[in-house]
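Structure data (TSV, C-alpha atoms and all ligand atoms) from target_39.tsv:
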chain	number	residue	atom	x	y	z
Y	1	MET	CA	106.29	46.68	51.38
Y	2	ILE	CA	103.99	44.97	53.86
Y	3	LYS	CA	100.37	46.07	53.70
Y	4	ALA	CA	99.44	47.66	57.02
Y	5	GLU	CA	96.20	49.48	57.74
Y	6	PHE	CA	94.45	50.83	60.78
Y	7	ILE	CA	91.27	48.84	61.47
Y	8	LYS	CA	89.76	50.54	64.52
Y	9	SER	CA	90.14	51.59	68.15
Y	10	ALA	CA	88.23	50.00	70.99
Y	11	SER	CA	88.15	50.04	74.76
Y	12	GLU	CA	86.04	46.99	75.41
Y	13	PRO	CA	85.47	43.57	73.81
Y	14	SER	CA	82.26	44.60	72.04
Y	15	GLY	CA	84.34	47.05	69.99
Y	16	TYR	CA	87.12	44.65	68.92
Y	17	PRO	CA	87.30	43.58	65.28
Y	18	PRO	CA	86.21	39.94	64.68
Y	19	PRO	CA	88.87	37.50	65.92
Y	20	GLU	CA	89.57	36.17	62.46
Y	21	LYS	CA	93.34	36.46	62.21
Y	22	PRO	CA	96.07	35.50	64.68
Y	23	GLU	CA	96.89	38.52	66.79
Y	24	ILE	CA	100.05	39.94	68.41
Y	25	ALA	CA	99.78	42.72	71.01
Y	26	PHE	CA	102.41	45.28	72.05
Y	27	VAL	CA	102.47	46.23	75.73
Y	28	GLY	CA	104.74	48.36	77.88
Y	29	ARG	CA	105.12	51.45	79.99
Y	30	SER	CA	103.73	54.66	78.64
Y	31	ASN	CA	106.30	56.43	76.43
Y	32	VAL	CA	108.56	53.37	76.23
Y	33	GLY	CA	108.29	53.24	72.44
Y	34	LYS	CA	105.46	50.83	71.58
Y	35	SER	CA	104.02	52.89	68.74
Y	36	SER	CA	107.50	53.69	67.40
Y	37	MET	CA	108.33	50.00	67.36
Y	38	ILE	CA	105.20	49.12	65.37
Y	39	ASN	CA	105.93	51.88	62.86
Y	40	ALA	CA	109.58	50.79	62.58
Y	41	ILE	CA	108.92	47.12	61.92
Y	42	LEU	CA	106.31	48.05	59.30
Y	43	ASP	CA	108.60	50.67	57.67
Y	44	ARG	CA	105.98	53.34	58.28
Y	45	LYS	CA	106.53	56.77	59.73
Y	46	LYS	CA	103.05	57.66	60.81
Y	47	LEU	CA	100.81	54.58	60.83
Y	48	VAL	CA	100.71	54.84	64.62
Y	49	LYS	CA	100.89	58.22	66.34
Y	50	VAL	CA	104.08	58.69	68.32
Y	51	GLY	CA	105.15	60.90	71.19
Y	52	LYS	CA	101.81	62.46	72.04
Y	53	THR	CA	101.19	63.33	75.67
Y	54	PRO	CA	102.03	60.08	77.44
Y	55	GLY	CA	99.17	58.34	79.11
Y	56	LYS	CA	96.53	59.88	76.91
Y	57	THR	CA	95.80	56.84	74.79
Y	58	ARG	CA	93.33	54.70	76.67
Y	59	LEU	CA	92.22	52.71	73.65
Y	60	LEU	CA	93.41	49.53	71.99
Y	61	ASN	CA	94.36	50.19	68.37
Y	62	PHE	CA	94.06	47.31	65.89
Y	63	PHE	CA	96.04	47.06	62.64
Y	64	ASN	CA	95.58	44.66	59.76
Y	65	ILE	CA	98.88	43.29	58.46
Y	66	ASP	CA	98.74	41.80	54.98
Y	67	ASP	CA	95.34	40.26	55.75
Y	68	ARG	CA	97.43	37.67	57.56
Y	69	MET	CA	97.53	38.88	61.16
Y	70	THR	CA	96.46	41.71	63.46
Y	71	LEU	CA	98.83	43.82	65.53
Y	72	VAL	CA	97.45	45.67	68.56
Y	73	ASP	CA	98.95	48.76	70.18
Y	74	LEU	CA	97.79	48.56	73.81
Y	75	PRO	CA	97.53	51.62	76.07
Y	76	GLY	CA	100.70	52.12	78.12
Y	77	TYR	CA	100.92	51.75	81.89
Y	78	GLY	CA	102.86	53.42	84.68
Y	79	PHE	CA	102.09	57.00	83.82
Y	80	ALA	CA	102.26	58.85	87.13
Y	81	ARG	CA	99.89	61.71	86.41
Y	82	VAL	CA	96.89	59.52	85.78
Y	83	SER	CA	93.96	59.45	88.22
Y	84	LYS	CA	92.99	56.35	90.16
Y	85	THR	CA	89.79	56.07	88.14
Y	86	GLU	CA	91.78	56.17	84.90
Y	87	LYS	CA	94.14	53.48	86.20
Y	88	GLU	CA	91.20	51.28	87.11
Y	89	LYS	CA	89.72	51.78	83.65
Y	90	TRP	CA	93.06	50.84	82.12
Y	91	GLY	CA	93.24	47.70	84.26
Y	92	LYS	CA	89.77	46.64	83.30
Y	93	SER	CA	90.26	47.11	79.57
Y	94	ILE	CA	93.64	45.31	79.57
Y	95	GLU	CA	92.35	42.48	81.73
Y	96	ALA	CA	89.33	42.02	79.48
Y	97	TYR	CA	91.58	41.94	76.44
Y	98	LEU	CA	94.18	39.53	77.82
Y	99	GLY	CA	91.58	37.32	79.39
Y	100	GLN	CA	89.13	37.10	76.52
Y	101	ARG	CA	90.87	37.63	73.20
Y	102	GLU	CA	90.75	34.15	71.74
Y	103	ASN	CA	92.98	34.90	68.70
Y	104	LEU	CA	95.77	36.50	70.81
Y	105	ARG	CA	98.92	34.45	70.18
Y	106	ALA	CA	101.63	36.44	71.97
Y	107	CYS	CA	102.43	39.75	73.64
Y	108	VAL	CA	105.52	41.76	72.81
Y	109	LEU	CA	106.56	43.19	76.21
Y	110	ILE	CA	108.59	46.33	75.51
Y	111	MET	CA	110.99	47.73	78.09
Y	112	ASP	CA	113.56	50.53	78.02
Y	113	VAL	CA	117.08	49.09	77.76
Y	114	ARG	CA	118.45	51.91	79.92
Y	115	HIS	CA	116.47	50.96	83.02
Y	116	LEU	CA	115.82	47.83	85.03
Y	117	PRO	CA	112.25	46.58	84.53
Y	118	THR	CA	109.81	48.55	86.70
Y	119	ASN	CA	107.34	47.03	89.17
Y	120	ASP	CA	104.67	47.66	86.57
Y	121	ASP	CA	106.69	45.68	84.00
Y	122	MET	CA	107.08	42.80	86.47
Y	123	ASN	CA	103.35	42.89	87.24
Y	124	MET	CA	102.54	42.80	83.55
Y	125	LEU	CA	104.85	39.83	83.12
Y	126	SER	CA	103.06	37.98	85.94
Y	127	TRP	CA	99.74	38.84	84.40
Y	128	LEU	CA	100.77	37.43	81.03
Y	129	GLU	CA	102.06	34.29	82.71
Y	130	ALA	CA	98.79	33.92	84.65
Y	131	PHE	CA	96.80	34.24	81.42
Y	132	GLN	CA	99.23	31.80	79.76
Y	133	ILE	CA	100.04	34.23	76.99
Y	134	PRO	CA	103.47	33.73	75.39
Y	135	VAL	CA	105.75	36.72	75.98
Y	136	ILE	CA	108.25	38.18	73.51
Y	137	PRO	CA	110.52	40.38	75.68
Y	138	VAL	CA	112.05	43.37	73.89
Y	139	LEU	CA	114.51	46.00	75.09
Y	140	THR	CA	114.11	49.11	73.01
Y	141	LYS	CA	116.04	52.38	72.60
Y	142	CYS	CA	119.25	50.36	72.22
Y	143	ASP	CA	120.66	53.21	70.13
Y	144	LYS	CA	121.00	55.14	73.41
Y	145	LEU	CA	123.68	52.80	74.80
Y	146	SER	CA	126.84	51.56	73.19
Y	147	GLY	CA	129.31	48.69	73.44
Y	148	ASN	CA	130.14	47.74	76.99
Y	149	LYS	CA	127.32	49.71	78.55
Y	150	LEU	CA	124.77	47.92	76.41
Y	151	THR	CA	126.18	44.48	77.24
Y	152	LYS	CA	126.26	45.24	80.98
Y	153	GLN	CA	122.73	46.56	80.98
Y	154	VAL	CA	121.34	43.59	79.01
Y	155	ASN	CA	122.99	41.24	81.51
Y	156	ALA	CA	121.45	43.10	84.44
Y	157	VAL	CA	117.97	43.15	82.88
Y	158	SER	CA	118.06	39.46	81.95
Y	159	LYS	CA	119.01	38.63	85.54
Y	160	HIS	CA	116.19	40.79	86.88
Y	161	LEU	CA	113.66	39.17	84.55
Y	162	MET	CA	115.14	35.72	85.20
Y	163	MET	CA	115.23	35.16	81.47
Y	164	GLU	CA	118.01	33.95	79.19
Y	165	LYS	CA	119.78	36.82	77.43
Y	166	ASP	CA	119.29	35.09	74.10
Y	167	HIS	CA	115.52	35.18	74.54
Y	168	ILE	CA	115.46	38.96	74.81
Y	169	VAL	CA	115.26	40.97	71.58
Y	170	LEU	CA	117.45	44.07	71.42
Y	171	PHE	CA	115.68	46.74	69.43
Y	172	SER	CA	115.89	50.33	68.23
Y	173	ALA	CA	113.16	52.14	66.34
Y	174	MET	CA	115.81	54.63	65.28
Y	175	THR	CA	118.32	52.24	63.71
Y	176	LYS	CA	115.84	49.37	63.20
Y	177	LYS	CA	118.18	47.01	65.02
Y	178	GLY	CA	116.22	43.85	65.85
Y	179	LYS	CA	113.59	44.32	63.15
Y	180	ASP	CA	114.35	41.07	61.31
Y	181	GLU	CA	114.62	39.15	64.58
Y	182	ILE	CA	111.22	40.35	65.78
Y	183	TRP	CA	109.61	39.39	62.46
Y	184	ASP	CA	111.19	35.94	62.61
Y	185	ILE	CA	109.67	35.44	66.06
Y	186	ILE	CA	106.25	36.85	65.12
Y	187	ASN	CA	106.11	34.73	61.96
Y	188	GLU	CA	107.05	31.65	63.91
Y	189	VAL	CA	104.26	32.29	66.42
Y	190	ILE	CA	101.74	32.98	63.64
Y	191	CYS	CA	102.78	29.97	61.62
Y	192	GLU	CA	102.30	27.63	64.56
Y	193	ASP	CA	98.72	28.54	63.94
Y	194	GLY	CA	98.74	27.17	60.41
Y	195	ALA	CA	98.18	30.67	59.04
Y	196	CYS	CA	101.12	30.58	56.61
Y	201	LIG	N1	116.25	57.12	70.57
Y	201	LIG	C1	115.11	56.42	70.48
Y	201	LIG	N2	113.94	57.04	70.77
Y	201	LIG	C2	112.80	56.29	70.69
Y	201	LIG	C3	112.82	54.91	70.30
Y	201	LIG	N3	111.56	54.45	70.33
Y	201	LIG	C4	110.77	55.49	70.71
Y	201	LIG	N4	111.51	56.60	70.92
Y	201	LIG	C5	111.00	57.93	71.37
Y	201	LIG	O1	110.29	57.76	72.59
Y	201	LIG	C6	109.14	58.60	72.65
Y	201	LIG	C7	107.89	57.76	72.92
Y	201	LIG	O2	107.65	56.89	71.84
Y	201	LIG	P1	106.22	56.25	71.52
Y	201	LIG	O3	106.43	55.29	70.42
Y	201	LIG	O4	105.20	57.32	71.33
Y	201	LIG	O5	105.95	55.49	72.90
Y	201	LIG	P2	104.63	54.70	73.35
Y	201	LIG	O6	105.10	53.58	74.17
Y	201	LIG	O7	103.80	54.37	72.15
Y	201	LIG	O8	103.92	55.78	74.28
Y	201	LIG	P3	102.33	55.84	74.72
Y	201	LIG	O9	101.51	55.66	73.48
Y	201	LIG	O10	102.19	57.18	75.35
Y	201	LIG	O11	102.13	54.75	75.71
Y	201	LIG	C8	109.09	59.35	71.32
Y	201	LIG	O12	109.66	60.63	71.50
Y	201	LIG	C9	109.95	58.49	70.40
Y	201	LIG	O13	110.55	59.22	69.36
Y	201	LIG	C10	114.10	54.31	70.00
Y	201	LIG	O14	114.23	53.11	69.66
Y	201	LIG	N5	115.19	55.12	70.10
Y	202	MG	MG	101.79	54.86	71.72

Go ahead and render the structure in this file as structure tokens.
Ligand SMILES: Nc1nc2c(ncn2[C@@H]2O[C@H](COP(=O)(O)OP(=O)(O)OP(=O)(O)O)[C@@H](O)[C@H]2O)c(=O)[nH]1
Ligand SMILES: [Mg+2]
Amino acid sequence: MIKAEFIKSASEPSGYPPPEKPEIAFVGRSNVGKSSMINAILDRKKLVKVGKTPGKTRLLNFFNIDDRMTLVDLPGYGFARVSKTEKEKWGKSIEAYLGQRENLRACVLIMDVRHLPTNDDMNMLSWLEAFQIPVIPVLTKCDKLSGNKLTKQVNAVSKHLMMEKDHIVLFSAMTKKGKDEIWDIINEVICEDGAC
């Protein structure tokens, strides 16, 4: 089993752990399944808290993986019942992180396979491109669609994102579909760094 431990939470750069290991961050709409995905790929049930009131987590949560890399669960966006001040705070903490985190190697952008990417998803994608951060696009909750419906939806989403279908990881935290594929990609990104 992979060693995975919570390091700390932070909202601003002064609170981040030292940038010693290559880092991968998980971003996406609130309630899309970021925390569930991290738990699933690490074979943990409760390393990261799941399904609390959406939009409550305003902190970045850092996890040490095998003393080899850090995974970061970023606060979700697009939660309607959040005040303007809260949204601004979110924007500032995410912008500081994306703009300043020197050991950040890639962002896993998680979207719900059942819906076309939201405006917030598209804005996040532009942001990542502007910061020149490699994106690993993931469609989660694939267990909710089957056969033809899944294929149709993946085609529609890939068109919307203007990305090749083969570059998009199909995932389910419930069935763990896509777990090996996501690790292959993460390891490839980390290894480019000479950290293997
Ligand atoms: N069926 C199914 N449900 C999922 C999957 N992933 C997450 N969920 C459910 O979706 C809800 C939200 O999951 P979380 O992992 O807490 O989502 P999050 O993106 O971390 O949410 P915030 O931390 O609020 O931003 C929970 O009820 C999960 O059980 C999946 O792959 N399949
Ligand atoms: Mg979460």

Practice item. Identify, on the basis of all atoms listed in the file, every residue whose closest approach to Ile38 (chain Y) does not exceed 9 Å; exclude the query and any residue fewer than 5 positions from it along the same chain; express the result as number ranges by chain. Key: Y: 26, 33, 43-44, 47-48, 71, 73, 173

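Using all atoms listed in the file, every residue with an atom at most 10 Å from the point (112.1, 39.9, 73.7) is listed here: Y:Cys107, Y:Val108, Y:Leu109, Y:Ile110, Y:Met111, Y:Val135, Y:Ile136, Y:Pro137, Y:Val138, Y:Leu139, Y:Thr140, Y:Met163, Y:Lys165, Y:Asp166, Y:His167, Y:Ile168, Y:Val169, Y:Leu170, Y:Phe171, Y:Gly178, Y:Glu181, Y:Ile182, Y:Ile185.
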
Review point. Near Leu60 (chain Y), within 7 Å and counting all atoms listed in the file, which residues show up once chain neighbours fewer than 5 positions away are dropped, as a PyMOL selection string?
Key: chain Y and resi 9-11+72-75

Exercise for review: Residues within 6 Å of ligand MG 202 (chain Y), counting only C-alpha atoms and all ligand atoms: report them as a PyMOL selection string.
Suggested key: chain Y and resi 34-35+50

Review point. To one decimal place, how far is atom P3 of ligand LIG 201 (chain Y) from CA of Gly78 (chain Y) in Å?
Key: 10.3 Å

Where atoms are lacking, region 15-33 of chain Y completed to N, CA, C and O atoms, as a PDB file, in the coordinates of the input:
ATOM      1  N   GLY Y  15      83.820  46.196  71.065  1.00  0.00           N
ATOM      2  CA  GLY Y  15      84.340  47.050  69.990  1.00  0.00           C
ATOM      3  C   GLY Y  15      85.490  46.431  69.207  1.00  0.00           C
ATOM      4  O   GLY Y  15      85.955  47.001  68.219  1.00  0.00           O
ATOM      5  N   TYR Y  16      85.992  45.265  69.630  1.00  0.00           N
ATOM      6  CA  TYR Y  16      87.120  44.650  68.920  1.00  0.00           C
ATOM      7  C   TYR Y  16      86.698  44.200  67.524  1.00  0.00           C
ATOM      8  O   TYR Y  16      85.543  43.792  67.328  1.00  0.00           O
ATOM      9  N   PRO Y  17      87.628  44.191  66.570  1.00  0.00           N
ATOM     10  CA  PRO Y  17      87.300  43.580  65.280  1.00  0.00           C
ATOM     11  C   PRO Y  17      87.112  42.066  65.460  1.00  0.00           C
ATOM     12  O   PRO Y  17      87.609  41.505  66.445  1.00  0.00           O
ATOM     13  N   PRO Y  18      86.410  41.392  64.520  1.00  0.00           N
ATOM     14  CA  PRO Y  18      86.210  39.940  64.680  1.00  0.00           C
ATOM     15  C   PRO Y  18      87.552  39.222  64.814  1.00  0.00           C
ATOM     16  O   PRO Y  18      88.532  39.623  64.186  1.00  0.00           O
ATOM     17  N   PRO Y  19      87.593  38.173  65.628  1.00  0.00           N
ATOM     18  CA  PRO Y  19      88.870  37.500  65.920  1.00  0.00           C
ATOM     19  C   PRO Y  19      89.291  36.539  64.819  1.00  0.00           C
ATOM     20  O   PRO Y  19      89.560  35.372  65.065  1.00  0.00           O
ATOM     21  N   GLU Y  20      89.364  37.061  63.608  1.00  0.00           N
ATOM     22  CA  GLU Y  20      89.570  36.170  62.460  1.00  0.00           C
ATOM     23  C   GLU Y  20      91.015  35.775  62.222  1.00  0.00           C
ATOM     24  O   GLU Y  20      91.304  34.679  61.764  1.00  0.00           O
ATOM     25  N   LYS Y  21      91.932  36.705  62.515  1.00  0.00           N
ATOM     26  CA  LYS Y  21      93.340  36.460  62.210  1.00  0.00           C
ATOM     27  C   LYS Y  21      94.120  36.320  63.511  1.00  0.00           C
ATOM     28  O   LYS Y  21      93.752  36.906  64.517  1.00  0.00           O
ATOM     29  N   PRO Y  22      95.226  35.544  63.479  1.00  0.00           N
ATOM     30  CA  PRO Y  22      96.070  35.500  64.680  1.00  0.00           C
ATOM     31  C   PRO Y  22      96.546  36.908  65.041  1.00  0.00           C
ATOM     32  O   PRO Y  22      96.825  37.716  64.143  1.00  0.00           O
ATOM     33  N   GLU Y  23      96.643  37.160  66.338  1.00  0.00           N
ATOM     34  CA  GLU Y  23      96.890  38.520  66.790  1.00  0.00           C
ATOM     35  C   GLU Y  23      98.117  38.599  67.702  1.00  0.00           C
ATOM     36  O   GLU Y  23      98.353  37.699  68.515  1.00  0.00           O
ATOM     37  N   ILE Y  24      98.883  39.671  67.555  1.00  0.00           N
ATOM     38  CA  ILE Y  24     100.050  39.940  68.410  1.00  0.00           C
ATOM     39  C   ILE Y  24      99.840  41.319  69.023  1.00  0.00           C
ATOM     40  O   ILE Y  24      99.561  42.280  68.293  1.00  0.00           O
ATOM     41  N   ALA Y  25      99.978  41.426  70.349  1.00  0.00           N
ATOM     42  CA  ALA Y  25      99.780  42.720  71.010  1.00  0.00           C
ATOM     43  C   ALA Y  25     101.100  43.268  71.541  1.00  0.00           C
ATOM     44  O   ALA Y  25     101.995  42.503  71.902  1.00  0.00           O
ATOM     45  N   PHE Y  26     101.213  44.596  71.553  1.00  0.00           N
ATOM     46  CA  PHE Y  26     102.410  45.280  72.050  1.00  0.00           C
ATOM     47  C   PHE Y  26     102.058  45.984  73.351  1.00  0.00           C
ATOM     48  O   PHE Y  26     101.180  46.841  73.373  1.00  0.00           O
ATOM     49  N   VAL Y  27     102.740  45.608  74.435  1.00  0.00           N
ATOM     50  CA  VAL Y  27     102.470  46.230  75.730  1.00  0.00           C
ATOM     51  C   VAL Y  27     103.754  46.808  76.322  1.00  0.00           C
ATOM     52  O   VAL Y  27     104.855  46.364  76.005  1.00  0.00           O
ATOM     53  N   GLY Y  28     103.577  47.772  77.217  1.00  0.00           N
ATOM     54  CA  GLY Y  28     104.740  48.360  77.880  1.00  0.00           C
ATOM     55  C   GLY Y  28     104.361  49.660  78.548  1.00  0.00           C
ATOM     56  O   GLY Y  28     103.251  50.169  78.363  1.00  0.00           O
ATOM     57  N   ARG Y  29     105.304  50.186  79.292  1.00  0.00           N
ATOM     58  CA  ARG Y  29     105.120  51.450  79.990  1.00  0.00           C
ATOM     59  C   ARG Y  29     104.795  52.558  78.991  1.00  0.00           C
ATOM     60  O   ARG Y  29     105.244  52.528  77.844  1.00  0.00           O
ATOM     61  N   SER Y  30     104.037  53.518  79.467  1.00  0.00           N
ATOM     62  CA  SER Y  30     103.730  54.660  78.640  1.00  0.00           C
ATOM     63  C   SER Y  30     105.036  55.337  78.206  1.00  0.00           C
ATOM     64  O   SER Y  30     105.951  55.483  79.026  1.00  0.00           O
ATOM     65  N   ASN Y  31     105.132  55.719  76.949  1.00  0.00           N
ATOM     66  CA  ASN Y  31     106.300  56.430  76.430  1.00  0.00           C
ATOM     67  C   ASN Y  31     107.538  55.545  76.202  1.00  0.00           C
ATOM     68  O   ASN Y  31     108.610  56.042  75.902  1.00  0.00           O
ATOM     69  N   VAL Y  32     107.384  54.232  76.370  1.00  0.00           N
ATOM     70  CA  VAL Y  32     108.560  53.370  76.230  1.00  0.00           C
ATOM     71  C   VAL Y  32     108.957  53.195  74.759  1.00  0.00           C
ATOM     72  O   VAL Y  32     110.112  52.886  74.442  1.00  0.00           O
ATOM     73  N   GLY Y  33     107.973  53.374  73.856  1.00  0.00           N
ATOM     74  CA  GLY Y  33     108.290  53.240  72.440  1.00  0.00           C
ATOM     75  C   GLY Y  33     107.491  52.167  71.715  1.00  0.00           C
ATOM     76  O   GLY Y  33     107.945  51.645  70.691  1.00  0.00           O
TER      77      GLY Y  33
END
